[in-house]
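Content type CSV, C-alpha atoms and all ligand atoms, from the file entry_28.csv:
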```
chain,number,residue,atom,x,y,z
A,839,MET,CA,-34.2,7.6,94.8
A,840,LYS,CA,-36.7,7.5,92.0
A,841,VAL,CA,-35.7,11.0,90.8
A,842,LEU,CA,-32.0,9.9,90.9
A,843,LEU,CA,-32.8,6.8,88.9
A,844,PHE,CA,-34.8,8.7,86.3
A,845,ALA,CA,-32.0,11.3,86.1
A,846,THR,CA,-29.4,8.6,85.6
A,847,ALA,CA,-31.4,6.8,82.9
A,848,SER,CA,-32.3,10.1,81.3
A,849,ALA,CA,-28.7,11.4,81.3
A,850,LEU,CA,-27.6,8.2,79.6
A,851,ALA,CA,-30.3,7.8,77.1
A,852,LEU,CA,-32.3,10.9,76.5
A,853,PRO,CA,-30.0,12.8,74.1
A,854,PHE,CA,-30.1,9.7,71.9
A,855,ALA,CA,-33.9,9.3,72.4
A,856,LYS,CA,-34.5,12.9,71.3
A,857,ALA,CA,-32.3,12.4,68.2
A,858,THR,CA,-34.1,9.1,67.5
A,859,ASP,CA,-37.4,10.9,67.8
A,860,ARG,CA,-36.3,13.4,65.2
A,861,ALA,CA,-34.8,10.8,62.9
A,862,LEU,CA,-37.5,8.2,63.1
A,863,GLY,CA,-40.8,9.9,63.9
A,864,PRO,CA,-43.5,8.1,65.8
A,865,ARG,CA,-42.6,4.6,66.8
A,866,GLY,CA,-44.0,1.7,68.8
A,867,CYS,CA,-42.2,-0.7,71.1
A,868,LEU,CA,-43.8,-4.0,72.0
A,869,PHE,CA,-42.6,-5.7,75.2
A,870,THR,CA,-43.3,-9.2,76.4
A,871,PHE,CA,-42.6,-11.2,79.6
A,872,HIS,CA,-43.9,-14.3,81.3
A,873,ARG,CA,-44.1,-14.1,85.0
A,874,ALA,CA,-43.6,-11.5,87.8
A,875,ALA,CA,-42.9,-11.7,91.5
A,876,PRO,CA,-42.5,-9.3,94.4
A,877,SER,CA,-38.8,-8.4,95.1
A,878,ALA,CA,-38.3,-10.6,98.1
A,879,LEU,CA,-39.7,-13.7,96.4
A,880,TRP,CA,-37.8,-12.8,93.2
A,881,GLU,CA,-34.5,-13.0,95.1
A,882,GLU,CA,-35.3,-16.6,96.1
A,883,LEU,CA,-36.7,-18.1,92.9
A,884,PRO,CA,-34.6,-20.9,91.4
A,885,ASN,CA,-35.6,-19.8,87.8
A,886,ARG,CA,-35.8,-16.1,88.5
A,887,ASN,CA,-34.7,-15.0,85.1
A,888,PHE,CA,-38.2,-16.1,83.9
A,889,TYR,CA,-39.8,-13.5,86.2
A,890,ILE,CA,-39.8,-9.7,86.2
A,891,ASP,CA,-39.3,-8.1,89.6
A,892,VAL,CA,-42.7,-6.4,90.0
A,893,ALA,CA,-41.1,-3.4,91.7
A,894,PHE,CA,-39.0,-2.8,88.5
A,895,LEU,CA,-42.1,-3.1,86.3
A,896,ASP,CA,-43.8,-0.5,88.6
A,897,LYS,CA,-40.8,1.9,88.2
A,898,PHE,CA,-40.7,1.3,84.4
A,899,LEU,CA,-44.5,2.1,84.0
A,900,THR,CA,-44.0,5.3,86.0
A,901,TYR,CA,-41.0,6.2,83.8
A,902,LEU,CA,-42.9,5.6,80.6
A,903,ALA,CA,-45.7,8.0,81.8
A,904,ALA,CA,-43.1,10.6,82.7
A,905,GLN,CA,-41.5,10.3,79.2
A,906,SER,CA,-44.9,10.6,77.5
A,907,TRP,CA,-45.0,7.1,76.0
A,908,ASP,CA,-48.6,5.8,75.7
A,909,VAL,CA,-49.2,2.3,76.9
A,910,VAL,CA,-51.8,0.8,74.4
A,911,THR,CA,-53.5,-2.5,73.5
A,912,MET,CA,-52.3,-4.5,70.5
A,913,SER,CA,-55.4,-3.4,68.7
A,914,GLU,CA,-54.5,0.3,69.3
A,915,ALA,CA,-50.9,-0.4,68.4
A,916,GLN,CA,-52.1,-1.8,65.1
A,917,ARG,CA,-54.4,1.1,64.5
A,918,ARG,CA,-51.4,3.5,65.0
A,919,MET,CA,-49.2,1.4,62.7
A,920,SER,CA,-51.7,2.0,59.9
A,921,SER,CA,-52.7,5.6,60.7
A,922,GLY,CA,-49.2,7.0,61.5
A,923,ASP,CA,-50.7,9.1,64.3
A,924,ARG,CA,-48.2,11.2,66.2
A,925,GLY,CA,-46.8,10.0,69.6
A,926,ASN,CA,-44.8,7.0,70.7
A,927,TYR,CA,-46.5,4.0,72.2
A,928,VAL,CA,-45.6,0.8,73.9
A,929,ASN,CA,-47.6,-2.4,74.4
A,930,PHE,CA,-47.0,-5.0,77.1
A,931,SER,CA,-47.9,-8.6,76.5
A,932,ILE,CA,-47.6,-11.5,78.9
A,933,ASP,CA,-47.3,-14.9,77.4
A,934,ASP,CA,-48.6,-18.3,78.5
A,935,CYS,CA,-50.4,-16.9,81.5
A,936,TYR,CA,-49.8,-18.2,85.0
A,937,ARG,CA,-51.6,-17.4,88.2
A,938,ASP,CA,-49.3,-14.5,88.9
A,939,THR,CA,-50.7,-12.8,85.8
A,940,PHE,CA,-53.9,-12.4,87.7
A,941,GLU,CA,-52.6,-12.0,91.3
A,942,VAL,CA,-49.4,-9.8,90.7
A,943,VAL,CA,-49.4,-8.3,87.2
A,944,ALA,CA,-53.0,-7.3,86.6
A,945,PRO,CA,-53.2,-5.3,89.9
A,946,LEU,CA,-50.1,-3.3,88.9
A,947,PHE,CA,-51.6,-2.4,85.5
A,948,ARG,CA,-54.8,-1.5,87.2
A,949,LYS,CA,-52.9,0.8,89.5
A,950,HIS,CA,-51.3,2.6,86.6
A,951,GLN,CA,-54.6,2.4,84.6
A,952,VAL,CA,-52.8,1.1,81.5
A,953,PRO,CA,-53.7,-1.9,79.3
A,954,LEU,CA,-52.1,-5.3,79.2
A,955,THR,CA,-52.4,-8.0,76.5
A,956,LEU,CA,-52.6,-11.6,77.7
A,957,PHE,CA,-51.5,-14.3,75.2
A,958,VAL,CA,-53.0,-17.4,76.7
A,959,THR,CA,-51.9,-21.0,76.0
A,960,THR,CA,-55.3,-22.6,76.5
A,961,GLY,CA,-53.8,-25.9,77.7
A,962,ILE,CA,-52.9,-24.0,81.0
A,963,PRO,CA,-56.4,-23.1,82.2
A,964,ASP,CA,-57.7,-26.3,80.7
A,965,GLY,CA,-55.2,-28.3,82.8
A,966,THR,CA,-54.0,-30.3,79.8
A,967,LEU,CA,-50.5,-28.8,79.5
A,968,SER,CA,-47.9,-30.0,81.9
A,969,LEU,CA,-46.3,-27.1,83.8
A,970,TRP,CA,-43.2,-29.1,84.5
A,971,SER,CA,-40.8,-26.2,84.8
A,972,SER,CA,-43.0,-24.5,87.4
A,973,GLY,CA,-43.5,-27.7,89.3
A,974,LEU,CA,-39.7,-28.4,89.3
A,975,GLU,CA,-39.0,-24.8,90.5
A,976,ASP,CA,-41.7,-25.1,93.2
A,977,ALA,CA,-40.1,-28.2,94.6
A,978,LEU,CA,-36.6,-26.7,94.5
A,979,LEU,CA,-37.8,-23.5,96.2
A,980,ASN,CA,-39.8,-25.2,99.0
A,981,ARG,CA,-37.8,-28.3,100.0
A,982,ASP,CA,-34.5,-28.9,101.6
A,983,LEU,CA,-33.7,-31.8,99.4
A,984,VAL,CA,-35.2,-33.6,96.4
A,985,ARG,CA,-34.7,-37.0,94.8
A,986,VAL,CA,-33.7,-37.0,91.1
A,987,GLY,CA,-33.3,-40.5,89.7
A,988,ASP,CA,-30.7,-42.2,92.0
A,989,GLU,CA,-29.4,-38.9,93.3
A,990,THR,CA,-30.3,-36.8,96.4
A,991,VAL,CA,-29.9,-33.1,95.7
A,992,VAL,CA,-29.3,-31.0,98.8
A,993,LEU,CA,-30.8,-27.5,98.6
A,994,ASP,CA,-29.2,-25.4,101.3
A,995,SER,CA,-28.8,-22.0,99.6
A,996,GLY,CA,-30.2,-19.9,96.9
A,997,GLU,CA,-27.3,-20.6,94.7
A,998,ALA,CA,-27.7,-24.4,95.2
A,999,ARG,CA,-31.4,-24.1,94.3
A,1000,ARG,CA,-30.6,-22.1,91.1
A,1001,ALA,CA,-27.8,-24.4,90.1
A,1002,ALA,CA,-30.1,-27.4,90.6
A,1003,TYR,CA,-32.8,-25.8,88.5
A,1004,ARG,CA,-30.4,-25.1,85.7
A,1005,ARG,CA,-29.0,-28.6,85.7
A,1006,ILE,CA,-32.2,-30.5,86.1
A,1007,ALA,CA,-34.3,-28.4,83.7
A,1008,ALA,CA,-31.6,-28.7,81.0
A,1009,SER,CA,-31.5,-32.5,81.4
A,1010,TRP,CA,-35.4,-32.8,81.1
A,1011,ASP,CA,-36.0,-30.2,78.3
A,1012,GLY,CA,-37.3,-31.9,75.2
A,1013,LEU,CA,-40.0,-34.4,74.2
A,1014,GLU,CA,-39.6,-36.5,77.4
A,1015,ALA,CA,-39.9,-33.6,79.9
A,1016,ASP,CA,-43.4,-34.6,81.0
A,1017,LYS,CA,-42.2,-38.2,81.7
A,1018,HIS,CA,-39.2,-37.0,83.7
A,1019,TYR,CA,-41.4,-34.6,85.7
A,1020,ALA,CA,-44.0,-37.4,86.5
A,1021,ALA,CA,-41.2,-39.7,87.8
A,1022,PHE,CA,-39.8,-36.8,89.8
A,1023,CYS,CA,-43.2,-36.1,91.4
A,1024,ALA,CA,-43.7,-39.7,92.2
A,1025,ALA,CA,-40.3,-40.0,93.9
A,1026,ASN,CA,-40.8,-36.8,95.9
A,1027,GLY,CA,-44.5,-37.3,96.9
A,1028,ILE,CA,-45.6,-34.3,94.8
A,1029,ASP,CA,-49.3,-33.9,93.8
A,1030,ILE,CA,-49.0,-32.9,90.1
A,1031,GLU,CA,-52.6,-31.7,89.9
A,1032,ALA,CA,-52.3,-29.5,93.0
A,1033,VAL,CA,-49.0,-27.9,91.8
A,1034,HIS,CA,-50.6,-27.2,88.4
A,1035,TRP,CA,-53.4,-25.2,89.9
A,1036,LYS,CA,-51.0,-23.4,92.2
A,1037,HIS,CA,-49.2,-22.0,89.1
A,1038,ALA,CA,-51.9,-22.0,86.3
A,1039,ILE,CA,-54.3,-19.2,85.6
A,1040,SER,CA,-57.9,-20.4,85.7
A,1041,TRP,CA,-60.8,-19.7,83.4
A,1042,GLU,CA,-62.5,-17.9,86.2
A,1043,MET,CA,-59.5,-15.5,86.6
A,1044,LEU,CA,-59.4,-15.0,82.8
A,1045,ALA,CA,-63.2,-14.3,82.7
A,1046,GLU,CA,-62.7,-11.6,85.3
A,1047,LEU,CA,-59.9,-10.0,83.3
A,1048,ALA,CA,-61.7,-10.4,79.9
A,1049,HIS,CA,-64.5,-8.3,81.2
A,1050,ASP,CA,-62.2,-5.4,82.2
A,1051,PRO,CA,-61.4,-3.1,79.3
A,1052,LEU,CA,-57.8,-2.8,80.5
A,1053,PHE,CA,-57.1,-6.4,79.6
A,1054,GLU,CA,-57.0,-7.7,76.0
A,1055,ILE,CA,-56.9,-11.4,75.4
A,1056,GLY,CA,-55.0,-13.0,72.6
A,1057,ALA,CA,-54.1,-16.6,71.7
A,1058,HIS,CA,-50.8,-18.4,72.2
A,1059,THR,CA,-51.7,-22.0,70.9
A,1060,VAL,CA,-53.2,-24.9,72.8
A,1061,THR,CA,-50.0,-26.9,73.6
A,1062,HIS,CA,-47.3,-24.2,73.4
A,1063,ALA,CA,-46.0,-26.0,70.2
A,1064,ARG,CA,-43.2,-24.6,68.1
A,1065,ILE,CA,-45.3,-23.7,65.1
A,1066,SER,CA,-42.5,-24.0,62.5
A,1067,SER,CA,-41.9,-27.6,63.5
A,1068,LEU,CA,-45.5,-28.7,62.7
A,1069,ASP,CA,-47.0,-29.7,59.3
A,1070,PRO,CA,-49.5,-27.1,58.0
A,1071,GLU,CA,-52.6,-28.9,59.3
A,1072,ALA,CA,-51.2,-29.3,62.8
A,1073,ALA,CA,-50.0,-25.7,62.8
A,1074,MET,CA,-53.4,-24.4,61.7
A,1075,ALA,CA,-55.1,-26.5,64.4
A,1076,GLU,CA,-53.0,-24.9,67.1
A,1077,LEU,CA,-53.9,-21.4,65.8
A,1078,GLU,CA,-57.6,-22.1,65.3
A,1079,GLN,CA,-58.3,-24.2,68.3
A,1080,SER,CA,-56.7,-21.8,70.8
A,1081,ARG,CA,-58.8,-19.0,69.3
A,1082,SER,CA,-62.0,-20.9,69.4
A,1083,ARG,CA,-61.4,-22.2,72.9
A,1084,LEU,CA,-60.9,-18.7,74.2
A,1085,ASN,CA,-64.1,-17.6,72.4
A,1086,GLU,CA,-66.0,-20.5,73.8
A,1087,ARG,CA,-64.9,-20.0,77.4
A,1088,LEU,CA,-64.8,-16.2,77.5
A,1089,GLY,CA,-67.3,-15.2,74.9
A,1090,ILE,CA,-64.8,-12.8,73.3
A,1091,ARG,CA,-63.6,-12.3,69.8
A,1092,VAL,CA,-59.8,-13.1,69.7
A,1093,GLU,CA,-57.9,-11.0,67.2
A,1094,HIS,CA,-54.2,-11.3,68.1
A,1095,PHE,CA,-51.8,-14.2,68.3
A,1096,ALA,CA,-48.3,-14.6,69.6
A,1097,PHE,CA,-46.0,-17.4,68.4
A,1098,PRO,CA,-44.5,-19.6,71.2
A,1099,TYR,CA,-40.8,-19.0,71.6
A,1100,GLY,CA,-41.1,-16.5,68.7
A,1101,ARG,CA,-37.5,-16.5,67.3
A,1102,ALA,CA,-36.7,-16.9,63.6
A,1103,VAL,CA,-36.3,-20.7,63.9
A,1104,ASP,CA,-39.7,-21.0,65.7
A,1105,CYS,CA,-41.9,-19.2,63.2
A,1106,GLY,CA,-41.3,-18.1,59.6
A,1107,PRO,CA,-43.1,-16.7,56.5
A,1108,ARG,CA,-45.3,-19.9,56.2
A,1109,ASP,CA,-46.5,-19.4,59.7
A,1110,PHE,CA,-47.2,-15.7,59.4
A,1111,GLU,CA,-49.4,-16.5,56.5
A,1112,LEU,CA,-51.2,-19.3,58.5
A,1113,ALA,CA,-51.9,-16.8,61.2
A,1114,GLN,CA,-53.5,-14.5,58.7
A,1115,ARG,CA,-55.5,-17.3,57.2
A,1116,ALA,CA,-56.7,-18.4,60.6
A,1117,GLY,CA,-58.4,-15.0,60.9
A,1118,PHE,CA,-56.2,-13.1,63.3
A,1119,ARG,CA,-55.5,-9.5,62.8
A,1120,SER,CA,-51.9,-9.7,64.0
A,1121,ALA,CA,-49.2,-12.1,65.1
A,1122,ALA,CA,-46.2,-11.4,67.2
A,1123,THR,CA,-42.7,-12.9,67.4
A,1124,THR,CA,-39.9,-12.3,69.9
A,1125,ARG,CA,-37.6,-10.8,67.4
A,1126,LYS,CA,-36.3,-7.5,68.8
A,1127,GLY,CA,-37.0,-4.1,67.2
A,1128,LEU,CA,-39.5,-1.3,66.9
A,1129,VAL,CA,-42.7,-1.0,64.9
A,1130,ARG,CA,-43.4,2.0,62.6
A,1131,ARG,CA,-46.0,3.0,60.1
A,1132,GLY,CA,-46.8,0.3,57.5
A,1133,ARG,CA,-45.3,-2.5,59.5
A,1134,ASP,CA,-46.4,-6.1,58.5
A,1135,ALA,CA,-48.9,-7.1,61.2
A,1136,PHE,CA,-48.1,-10.8,61.1
A,1137,SER,CA,-44.4,-10.8,62.1
A,1138,LEU,CA,-44.4,-8.1,64.8
A,1139,PRO,CA,-41.2,-7.8,66.8
A,1140,ARG,CA,-41.4,-7.9,70.6
A,1141,ASN,CA,-38.7,-7.2,73.1
A,1142,THR,CA,-38.5,-9.8,75.8
A,1143,ILE,CA,-37.9,-8.5,79.4
A,1144,ASN,CA,-36.5,-11.1,81.7
A,1145,GLY,CA,-35.5,-11.1,85.3
A,1146,GLY,CA,-32.0,-9.8,84.7
A,1147,HIS,CA,-33.4,-6.6,83.1
A,1148,ARG,CA,-33.7,-4.2,86.0
A,1149,SER,CA,-32.4,-0.9,84.6
A,1150,LEU,CA,-34.3,1.9,83.0
A,1151,ALA,CA,-31.3,2.6,80.8
A,1152,ALA,CA,-31.5,-1.0,79.4
A,1153,MET,CA,-35.2,-0.4,78.7
A,1154,GLU,CA,-34.3,2.9,76.8
A,1155,MET,CA,-32.1,0.8,74.5
A,1156,HIS,CA,-35.2,-1.1,73.5
A,1157,LEU,CA,-37.3,2.1,73.2
A,1158,MET,CA,-34.7,3.5,70.8
A,1159,GLY,CA,-34.5,0.4,68.8
A,1160,PHE,CA,-30.8,-0.2,69.5
A,1161,THR,CA,-31.3,-3.8,70.8
A,1162,GLY,CA,-33.2,-4.6,67.5
A,1163,THR,CA,-30.4,-3.1,65.4
A,1164,ALA,CA,-27.7,-4.9,67.5
A,1165,ALA,CA,-29.6,-8.3,67.2
A,1166,ARG,CA,-29.8,-7.9,63.4
A,1167,VAL,CA,-26.1,-6.9,63.1
A,1168,LEU,CA,-25.1,-9.9,65.3
A,1169,GLY,CA,-27.4,-12.3,63.5
A,1170,ARG,CA,-29.3,-13.0,66.8
A,1171,VAL,CA,-32.8,-13.3,65.6
A,1201,ZN,ZN,-44.9,-18.8,75.5
```

Once you've parsed the file, please lay out its structure as structure tokens.
Amino acid sequence: MKVLLFATASALALPFAKATDRALGPRGCLFTFHRAAPSALWEELPNRNFYIDVAFLDKFLTYLAAQSWDVVTMSEAQRRMSSGDRGNYVNFSIDDCYRDTFEVVAPLFRKHQVPLTLFVTTGIPDGTLSLWSSGLEDALLNRDLVRVGDETVVLDSGEARRAAYRRIAASWDGLEADKHYAAFCAANGIDIEAVHWKHAISWEMLAELAHDPLFEIGAHTVTHARISSLDPEAAMAELEQSRSRLNERLGIRVEHFAFPYGRAVDCGPRDFELAQRAGFRSAATTRKGLVRRGRDAFSLPRNTINGGHRSLAAMEMHLMGFTGTAARVLGRV
């Protein structure tokens, strides 16, 4: 089966990939994702697009090794961007950092003996950031019905749980999300604190990963704020305080930063400059595309992998830079 999948992806994409190699020379492709789950759980999750099926990630890492792509840290990616060394490379970064980063994703990267970058939102291990979307999803997954305002929502199928998630999350999203979530927890007898620690990564978990050379720790703000929406002082505080908190708790020097949300509306030239002034060596967005020699280190493109991406051929589109080109042509940045 594996051979067949590789053969299909290769037949579709490899002639283009070879031509791309000749045309472009060495290139890097940075990927990002948020959460991961085993296949059986993935099928059930009300917000499954937010998770990678870990079996697919396993297959993709095997594929990359077979195609001679090096999986590298952000630091090594940056070194290659300035040196122009031969060979193509990818980086994987996981943003926010939930418990499954430690329990599901880290073991897979250890199995493949390849590095992973963790962009940590420090309010998660500090317990100061509300994980309302995880808490809502947890309730919708594990209960047969929930109370939302005056309404009783019956959850009798996977589709009902997914539809409920979409509808409720959309109605909460915004500045009042925490208030809606608190009322929901009170109405349904949910212990907010317990649900937080069921989903959050802890400082103890991060300390274990920080001492393993396979895992590189970067910053992703304190409160997961949209940096472009803040005045310069508040933006700088998010950058500097997340960096110093990671240093204080883990005893490490933090060199890389990723902007929350990361699209053009979420971070712009002012913010790229702030990241540089805050002392980071790089800052990453979620604009699609490839990196090549001489690339500006403070507006790095990253290709988001979500739950719907389960084909190697789709990943090859990222590796060849087609998705970045398409996004620019269509104005979706
Ligand atoms: Zn994030």

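Interatomic distance, atom CA of A:Leu879 against atom CA of A:Phe894: 13.5 Å.
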
Near-ligand residues for ligand ZN 1201 (chain A), threshold 7 Å, all atoms listed in the file, as a compact mmCIF listing (two decimals) with C-alpha atoms, in the frame of the given file:
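Saved result, result.txt, follows:
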```
# COMPACT_ATOMS: atom_id res chain seq x y z
CA ASP A 933 -47.30 -14.90 77.40
CA ASP A 934 -48.60 -18.30 78.50
CA HIS A 1058 -50.80 -18.40 72.20
CA HIS A 1062 -47.30 -24.20 73.40
CA PRO A 1098 -44.50 -19.60 71.20
CA TYR A 1099 -40.80 -19.00 71.60
```

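Closest approach to A:Leu902 among A:Arg873, A:Arg918, A:His950, A:Arg1125 is made by A:His950 (distances from only C-alpha atoms).
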
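Every protein or nucleic acid residue with an atom no more than 10 Å from A:Ser972, counting all atoms listed in the file and leaving out same-chain residues fewer than 4 positions away, appears here: Pro884, Asn885, Tyr936, Ser968, Asp976, Ala977, Leu978, Val1033, His1034, Lys1036, His1037 and Ala1038 of chain A.
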
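As for atom CA of A:Ile962 and atom CA of A:Thr1061, they are spaced 8.5 Å apart.
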
### Message
Nearest residue to A:Asp896 out of A:Thr955, A:Thr1124, A:Ser877, A:Thr1163, using only C-alpha atoms?
### Response
A:Ser877

### Task
Dump as a list of chain:residue names all residues having an atom at most 10 Å from (-46.4, 9.6, 77.9), computed in the file's coordinates with only C-alpha atoms.
A:Leu899, A:Thr900, A:Tyr901, A:Leu902, A:Ala903, A:Ala904, A:Gln905, A:Ser906, A:Trp907, A:Asp908, A:Val909, A:Gly925, A:Asn926, A:Tyr927, A:Val928

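Take the candidates A:Leu969, A:Ile1030, A:Ala1063, A:Leu895 and check each one against A:Pro876 using all atoms listed in the file; the shortest distance goes to A:Leu895.
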